[in-house]
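Taking it in order: structure first as structure tokens, then the write-up.
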Amino acid sequence: MIDRARLKELHKKEEERFLASTPKSCERFAAASEVMPGGVPMSWMAKWPGKYPLFVATAKGAHFTDVDGNEYIDLCLGDTGSMTGHSPAATVAAIKAQLERGMTAMLPTDDAVTVSGELAKRFGLPLWQFTVSATDANRHAIRYSRLITGKSKIIVIDRCYHGSVDETFATLDAAGKTVMREGNIGAPVPLDETTRVVEFNDLAGMEAALKAGDVAAILMEPAMTNVGIVMPEDGYLGAVGELAKKYGAVWIIDETHTISVGPGGMTKDLGLKPDMLTIGKAIGGGIPTGTFGMTREIAIEIAKKTSREVIDTGGIGGTLAGNALSLAAMRATLTEVLTEANFKKMIALGNRWCDGVDAAIAEFNLPWYCNRLGARGEYLFQGKAAKTGREAAAAGDFELEQYIHLRLLNDGFLLTPFHNMALMSPDTTEADVDAHTRAFREMCRELVG
Ligand SMILES: Cc1ncc(COP(=O)(O)O)c(C=O)c1O
């Protein structure tokens, strides 16, 4: 459907446009390449479209400005780390106040109690622990699950992403065997030693993976968000919870991205009852943090199996985890920014963004599909919603994606670099969304020729 020669030509034009409008980012990148591999402080930042990443001068609310003075509407928002909008006023005020009162002392502060209570209200789990990232929260939840069940295996969903957690970089091969995922770096052991991979929305596959009775935990997002968006079928998630109970596995839900549907994520919206829940990114308003919640039963089992004498060397914790600064940021972000009222606004904008994308897809008869997940929207290069990670991954088109991202970047819109995701913050406006709708329509028009 897309003429590849034409796509190459269009892409070349955008490469030239990018170079012409970002000479200072280009200079910065040359200097950066002398002191950082790939010229970036973190490897993924090499994935942005264009010859180099933009260097940011300032970011505020839903917008940022690069070092060349170009202004952008940020629909990536740090891939959810800034779903609050950049530097939200309430979070900044709380951080500033805490900066003068000590940032980290490895002692609890009052904010830890407030934040835990707020998380308990939102997600229905009574007890919380804090980490430095969502990755850490998942690692800790897995380790505790192994500890209390005495079992070794973890179940994850095919094409999931839960941070840099060794056990999760597995996929299913064509024969349905668990194997290492492409690109996995430095695996300590073959992945089928630690992990069983199951397709999303496949209850029979889930039960088959649990049957041997050796599974410590099922770790999953309630809707997949890292291979495009894949929604759960009716009843699927509740049934997974039941299966976990039946086979004595801990059911861990990762709400790091799916909090886009509302203050208590899909767990609250669908009345789910996980044993543990992990989350990070947006809840710190941009300050690194992560957290995991658990039932009282789980906490009692953990307490029975841990000893104070060696609590600091057992593989759970982290010197800066639960630090005063991140808890102050979380307190303000949860109570003043990621509120019911702001979610209402963000979700309406998410729908408006998807309506705009849907309209262009229909007008130009493109075989694409736009998924909605509250404040998050994402189109896949296939004509209908995917039911599994494998189906969603099959719709991948790196060449097309790179073009679209660069084209929209040149037009002033930043999409997440991994797929075609857009996220709304409380500061995003209808005018921002409508500007994207116009640019997206024009891009589609040119693409089909
Ligand atoms: C669902 C999910 N869980 C966990 C993580 C890891 O978050 P972090 O990079 O903050 O450790 C991510 C990151 O994208 C994620 O998408």
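Numbering starts fresh at 1 for the residues of each chain in the structure tokens, the chains themselves are lettered A, B, ... in the order given, and ligands are numbered from 1 as they appear.
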Contacts of ligand 1, 9 Å or closer, only C-alpha atoms and all ligand atoms, given as a ChimeraX atom specification: /A:79-81,132-138,160-165,220-221,224-226,254-258,278-282,288-290
Env of Lys246 in chain A: 10 Å cut, atoms = only C-alpha atoms, seq-sep filter 6 positions within chain, self excluded. Answer as a ChimeraX atom specification. /A:207,210-211,213,240
Non-local contacts of Ser87 in chain A (8 Å; only C-alpha atoms; under 3 positions in same chain excluded) as a PyMOL selection string: chain A and resi 59-61+84+91-92+285-286
So that I can see what lies close to Val113 in chain A, please list as a ChimeraX atom specification the residues with an atom at most 12 Å from it, counting only C-alpha atoms and leaving out residues fewer than 6 positions away in the same chain. /A:119-120,126-130,322,324,327-328,330-331
Store the residues picked out above in a file with N, CA and C atoms, as a compact mmCIF listing (two decimals), in the first residue's frame.
```txt
# COMPACT_ATOMS: atom_id res chain seq x y z
N LEU A 119 -1.63 5.55 47.73
CA LEU A 119 -1.53 4.42 46.80
C LEU A 119 -2.50 3.31 47.21
N ALA A 120 -2.63 3.09 48.51
CA ALA A 120 -3.56 2.06 48.99
C ALA A 120 -4.99 2.39 48.57
N PRO A 126 -2.96 -2.72 50.64
CA PRO A 126 -2.75 -1.92 51.85
C PRO A 126 -1.31 -1.51 52.15
N LEU A 127 -0.32 -2.25 51.63
CA LEU A 127 1.06 -2.03 52.10
C LEU A 127 2.01 -1.74 50.93
N TRP A 128 2.92 -0.77 51.11
CA TRP A 128 3.75 -0.28 50.00
C TRP A 128 5.22 -0.17 50.39
N GLN A 129 6.07 -0.38 49.38
CA GLN A 129 7.52 -0.21 49.52
C GLN A 129 8.00 0.60 48.33
N PHE A 130 9.10 1.31 48.52
CA PHE A 130 9.55 2.23 47.46
C PHE A 130 10.91 1.83 46.89
N GLY A 322 13.10 5.18 48.44
CA GLY A 322 12.29 5.79 49.51
C GLY A 322 12.88 7.08 50.03
N ALA A 324 13.70 11.05 50.71
CA ALA A 324 12.76 12.12 51.08
C ALA A 324 12.33 12.95 49.87
N LEU A 327 9.79 11.06 47.69
CA LEU A 327 8.50 10.94 48.37
C LEU A 327 7.76 12.27 48.41
N ALA A 328 8.49 13.36 48.55
CA ALA A 328 7.85 14.68 48.50
C ALA A 328 7.25 14.90 47.10
N MET A 330 6.31 12.56 44.98
CA MET A 330 5.15 11.68 44.81
C MET A 330 3.93 12.20 45.56
N ARG A 331 4.16 12.71 46.76
CA ARG A 331 3.02 13.23 47.54
C ARG A 331 2.31 14.33 46.76
```
Step one, run DSSP on the backbone; step two, keep only residues of range 93-298 of chain A assigned to strand (DSSP E); then write them as number ranges by chain. A: 127-131, 153-157, 170-172, 178-180, 195-198, 215-220, 250-254, 276-280, 290-294
Residues from the last selection, N, CA and C atoms, saved as a compact mmCIF listing (two decimals), in the first residue's frame:
```txt
# COMPACT_ATOMS: atom_id res chain seq x y z
N LEU A 127 -0.32 -2.25 51.63
CA LEU A 127 1.06 -2.03 52.10
C LEU A 127 2.01 -1.74 50.93
N TRP A 128 2.92 -0.77 51.11
CA TRP A 128 3.75 -0.28 50.00
C TRP A 128 5.22 -0.17 50.39
N GLN A 129 6.07 -0.38 49.38
CA GLN A 129 7.52 -0.21 49.52
C GLN A 129 8.00 0.60 48.33
N PHE A 130 9.10 1.31 48.52
CA PHE A 130 9.55 2.23 47.46
C PHE A 130 10.91 1.83 46.89
N THR A 131 11.10 2.19 45.62
CA THR A 131 12.32 1.85 44.89
C THR A 131 12.76 3.10 44.12
N LYS A 153 9.99 -20.31 38.78
CA LYS A 153 9.67 -19.74 37.45
C LYS A 153 8.78 -18.50 37.52
N ILE A 154 8.95 -17.66 36.49
CA ILE A 154 8.13 -16.46 36.32
C ILE A 154 7.39 -16.57 34.99
N ILE A 155 6.13 -16.22 34.98
CA ILE A 155 5.41 -16.14 33.71
C ILE A 155 5.33 -14.68 33.29
N VAL A 156 5.68 -14.42 32.03
CA VAL A 156 5.45 -13.09 31.45
C VAL A 156 4.71 -13.26 30.13
N ILE A 157 4.21 -12.15 29.62
CA ILE A 157 3.43 -12.16 28.38
C ILE A 157 4.35 -11.89 27.20
N ALA A 170 12.18 -12.50 27.43
CA ALA A 170 11.95 -13.77 26.74
C ALA A 170 10.80 -13.58 25.76
N THR A 171 10.77 -14.45 24.78
CA THR A 171 9.67 -14.42 23.81
C THR A 171 9.37 -15.86 23.40
N LEU A 172 8.32 -16.03 22.60
CA LEU A 172 8.00 -17.37 22.10
C LEU A 172 8.56 -17.51 20.69
N THR A 178 9.88 -20.98 24.85
CA THR A 178 10.41 -19.74 25.45
C THR A 178 11.89 -19.59 25.09
N VAL A 179 12.22 -18.48 24.46
CA VAL A 179 13.61 -18.21 24.06
C VAL A 179 13.95 -16.76 24.39
N MET A 180 15.24 -16.45 24.28
CA MET A 180 15.68 -15.08 24.53
C MET A 180 15.14 -14.14 23.46
N THR A 195 11.97 -18.48 33.05
CA THR A 195 10.75 -17.83 32.55
C THR A 195 9.91 -18.73 31.67
N ARG A 196 8.60 -18.57 31.77
CA ARG A 196 7.70 -19.14 30.76
C ARG A 196 6.92 -18.00 30.13
N VAL A 197 6.87 -18.01 28.82
CA VAL A 197 6.18 -16.92 28.10
C VAL A 197 4.83 -17.42 27.61
N VAL A 198 3.83 -16.58 27.79
CA VAL A 198 2.47 -16.92 27.39
C VAL A 198 1.93 -15.77 26.54
N VAL A 215 5.57 -22.22 39.34
CA VAL A 215 5.58 -20.79 39.00
C VAL A 215 5.41 -19.92 40.25
N ALA A 216 6.38 -19.05 40.48
CA ALA A 216 6.34 -18.15 41.64
C ALA A 216 5.41 -16.97 41.38
N ALA A 217 5.44 -16.45 40.15
CA ALA A 217 4.67 -15.23 39.89
C ALA A 217 4.32 -15.08 38.42
N ILE A 218 3.17 -14.43 38.20
CA ILE A 218 2.81 -13.96 36.86
C ILE A 218 2.97 -12.45 36.91
N LEU A 219 3.82 -11.92 36.03
CA LEU A 219 4.01 -10.46 35.96
C LEU A 219 3.44 -9.98 34.63
N MET A 220 2.50 -9.05 34.69
CA MET A 220 1.87 -8.59 33.45
C MET A 220 1.33 -7.17 33.58
N VAL A 250 1.99 -15.84 42.63
CA VAL A 250 1.69 -14.45 42.99
C VAL A 250 1.32 -13.70 41.70
N TRP A 251 0.20 -12.98 41.73
CA TRP A 251 -0.23 -12.24 40.53
C TRP A 251 0.21 -10.78 40.69
N ILE A 252 1.18 -10.38 39.84
CA ILE A 252 1.73 -9.02 39.92
C ILE A 252 1.24 -8.22 38.71
N ILE A 253 0.58 -7.12 38.97
CA ILE A 253 0.15 -6.23 37.88
C ILE A 253 1.06 -5.01 37.84
N ASP A 254 1.55 -4.70 36.65
CA ASP A 254 2.43 -3.54 36.43
C ASP A 254 1.59 -2.42 35.81
N MET A 276 0.17 -8.34 44.15
CA MET A 276 1.15 -7.27 44.22
C MET A 276 0.92 -6.35 43.01
N LEU A 277 1.34 -5.10 43.14
CA LEU A 277 1.19 -4.14 42.04
C LEU A 277 2.45 -3.28 41.98
N THR A 278 2.95 -3.06 40.79
CA THR A 278 4.15 -2.24 40.63
C THR A 278 3.82 -1.01 39.78
N ILE A 279 4.53 0.07 40.06
CA ILE A 279 4.34 1.29 39.26
C ILE A 279 5.53 2.23 39.49
N GLY A 280 5.77 3.09 38.51
CA GLY A 280 6.84 4.09 38.65
C GLY A 280 6.55 5.23 37.70
N GLY A 290 9.89 4.47 42.09
CA GLY A 290 9.09 3.29 41.79
C GLY A 290 8.52 2.79 43.11
N THR A 291 7.51 1.94 43.00
CA THR A 291 6.90 1.44 44.23
C THR A 291 6.20 0.12 43.95
N PHE A 292 6.07 -0.71 44.97
CA PHE A 292 5.25 -1.91 44.82
C PHE A 292 4.39 -2.10 46.05
N GLY A 293 3.13 -2.49 45.76
CA GLY A 293 2.17 -2.71 46.83
C GLY A 293 1.91 -4.19 46.99
N MET A 294 1.38 -4.56 48.17
CA MET A 294 1.12 -5.98 48.42
C MET A 294 -0.02 -6.15 49.40
```
Please measure the separation of CA of Ala348 in chain A and CA of Leu77 in chain A, giving the value in Å to one decimal.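 Answer for the CA of Ala348 in chain A to CA of Leu77 in chain A separation: 17.4 Å.
Nearest residue to Ala94 in chain A among A:Ala329, A:Ala392, A:Cys370, A:Leu423 is A:Ala329, counting only C-alpha atoms.
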Selected residue, from A:Ala5, A:Leu203, A:Ile311, A:Ile259, that lies nearest to Phe343 in chain A when counting only C-alpha atoms: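 That would be A:Ile259, the residue with the smallest distance to Phe343 in chain A.
Restricting the calculation to only C-alpha atoms, the smallest distance between His436 in chain A and any of A:Gly383, A:Ala393, A:Asp355, A:Gly50 is found for A:Asp355.
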Using DSSP secondary structure from the backbone, list all alpha helix (DSSP H) positions within range 146-180 of chain A, as a VMD selection string. chain A and resid 146 to 149
Restricting the calculation to only C-alpha atoms: of A:Gly389, A:Gly317, A:Gly176, A:Pro417, which residue gets closest to Tyr144 in chain A?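 The closest residue to Tyr144 in chain A is A:Gly317.
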Surrounding residues of Gly102 in chain A excluding itself and chain neighbours under 4 positions, 12 Å, only C-alpha atoms, as a list in words: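 Surrounding residues, per the criterion: Ile95, Lys96, Ala97, Gln98, Met106, Leu107, Pro108, Thr109, Asn323, Ala324, Leu325, Ser326, Leu327 and Ala328 of chain A.
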Given the selection you just returned, output its residues as a file containing C-alpha atoms, formatted as a PDB file, in the first residue's frame.
```
ATOM      1  CA  ILE A  95      10.641  19.423  45.628  1.00  0.00           C
ATOM      2  CA  LYS A  96      11.934  22.933  46.297  1.00  0.00           C
ATOM      3  CA  ALA A  97      10.685  22.803  49.881  1.00  0.00           C
ATOM      4  CA  GLN A  98      12.258  19.386  50.417  1.00  0.00           C
ATOM      5  CA  MET A 106      17.831   6.475  54.723  1.00  0.00           C
ATOM      6  CA  LEU A 107      15.169   7.247  57.313  1.00  0.00           C
ATOM      7  CA  PRO A 108      11.408   7.518  56.760  1.00  0.00           C
ATOM      8  CA  THR A 109       9.638  10.883  56.431  1.00  0.00           C
ATOM      9  CA  ASN A 323      14.353   8.970  49.714  1.00  0.00           C
ATOM     10  CA  ALA A 324      12.765  12.123  51.081  1.00  0.00           C
ATOM     11  CA  LEU A 325      12.934  14.024  47.789  1.00  0.00           C
ATOM     12  CA  SER A 326      11.153  11.408  45.684  1.00  0.00           C
ATOM     13  CA  LEU A 327       8.496  10.937  48.368  1.00  0.00           C
ATOM     14  CA  ALA A 328       7.847  14.680  48.496  1.00  0.00           C
TER      15      ALA A 328
END
```
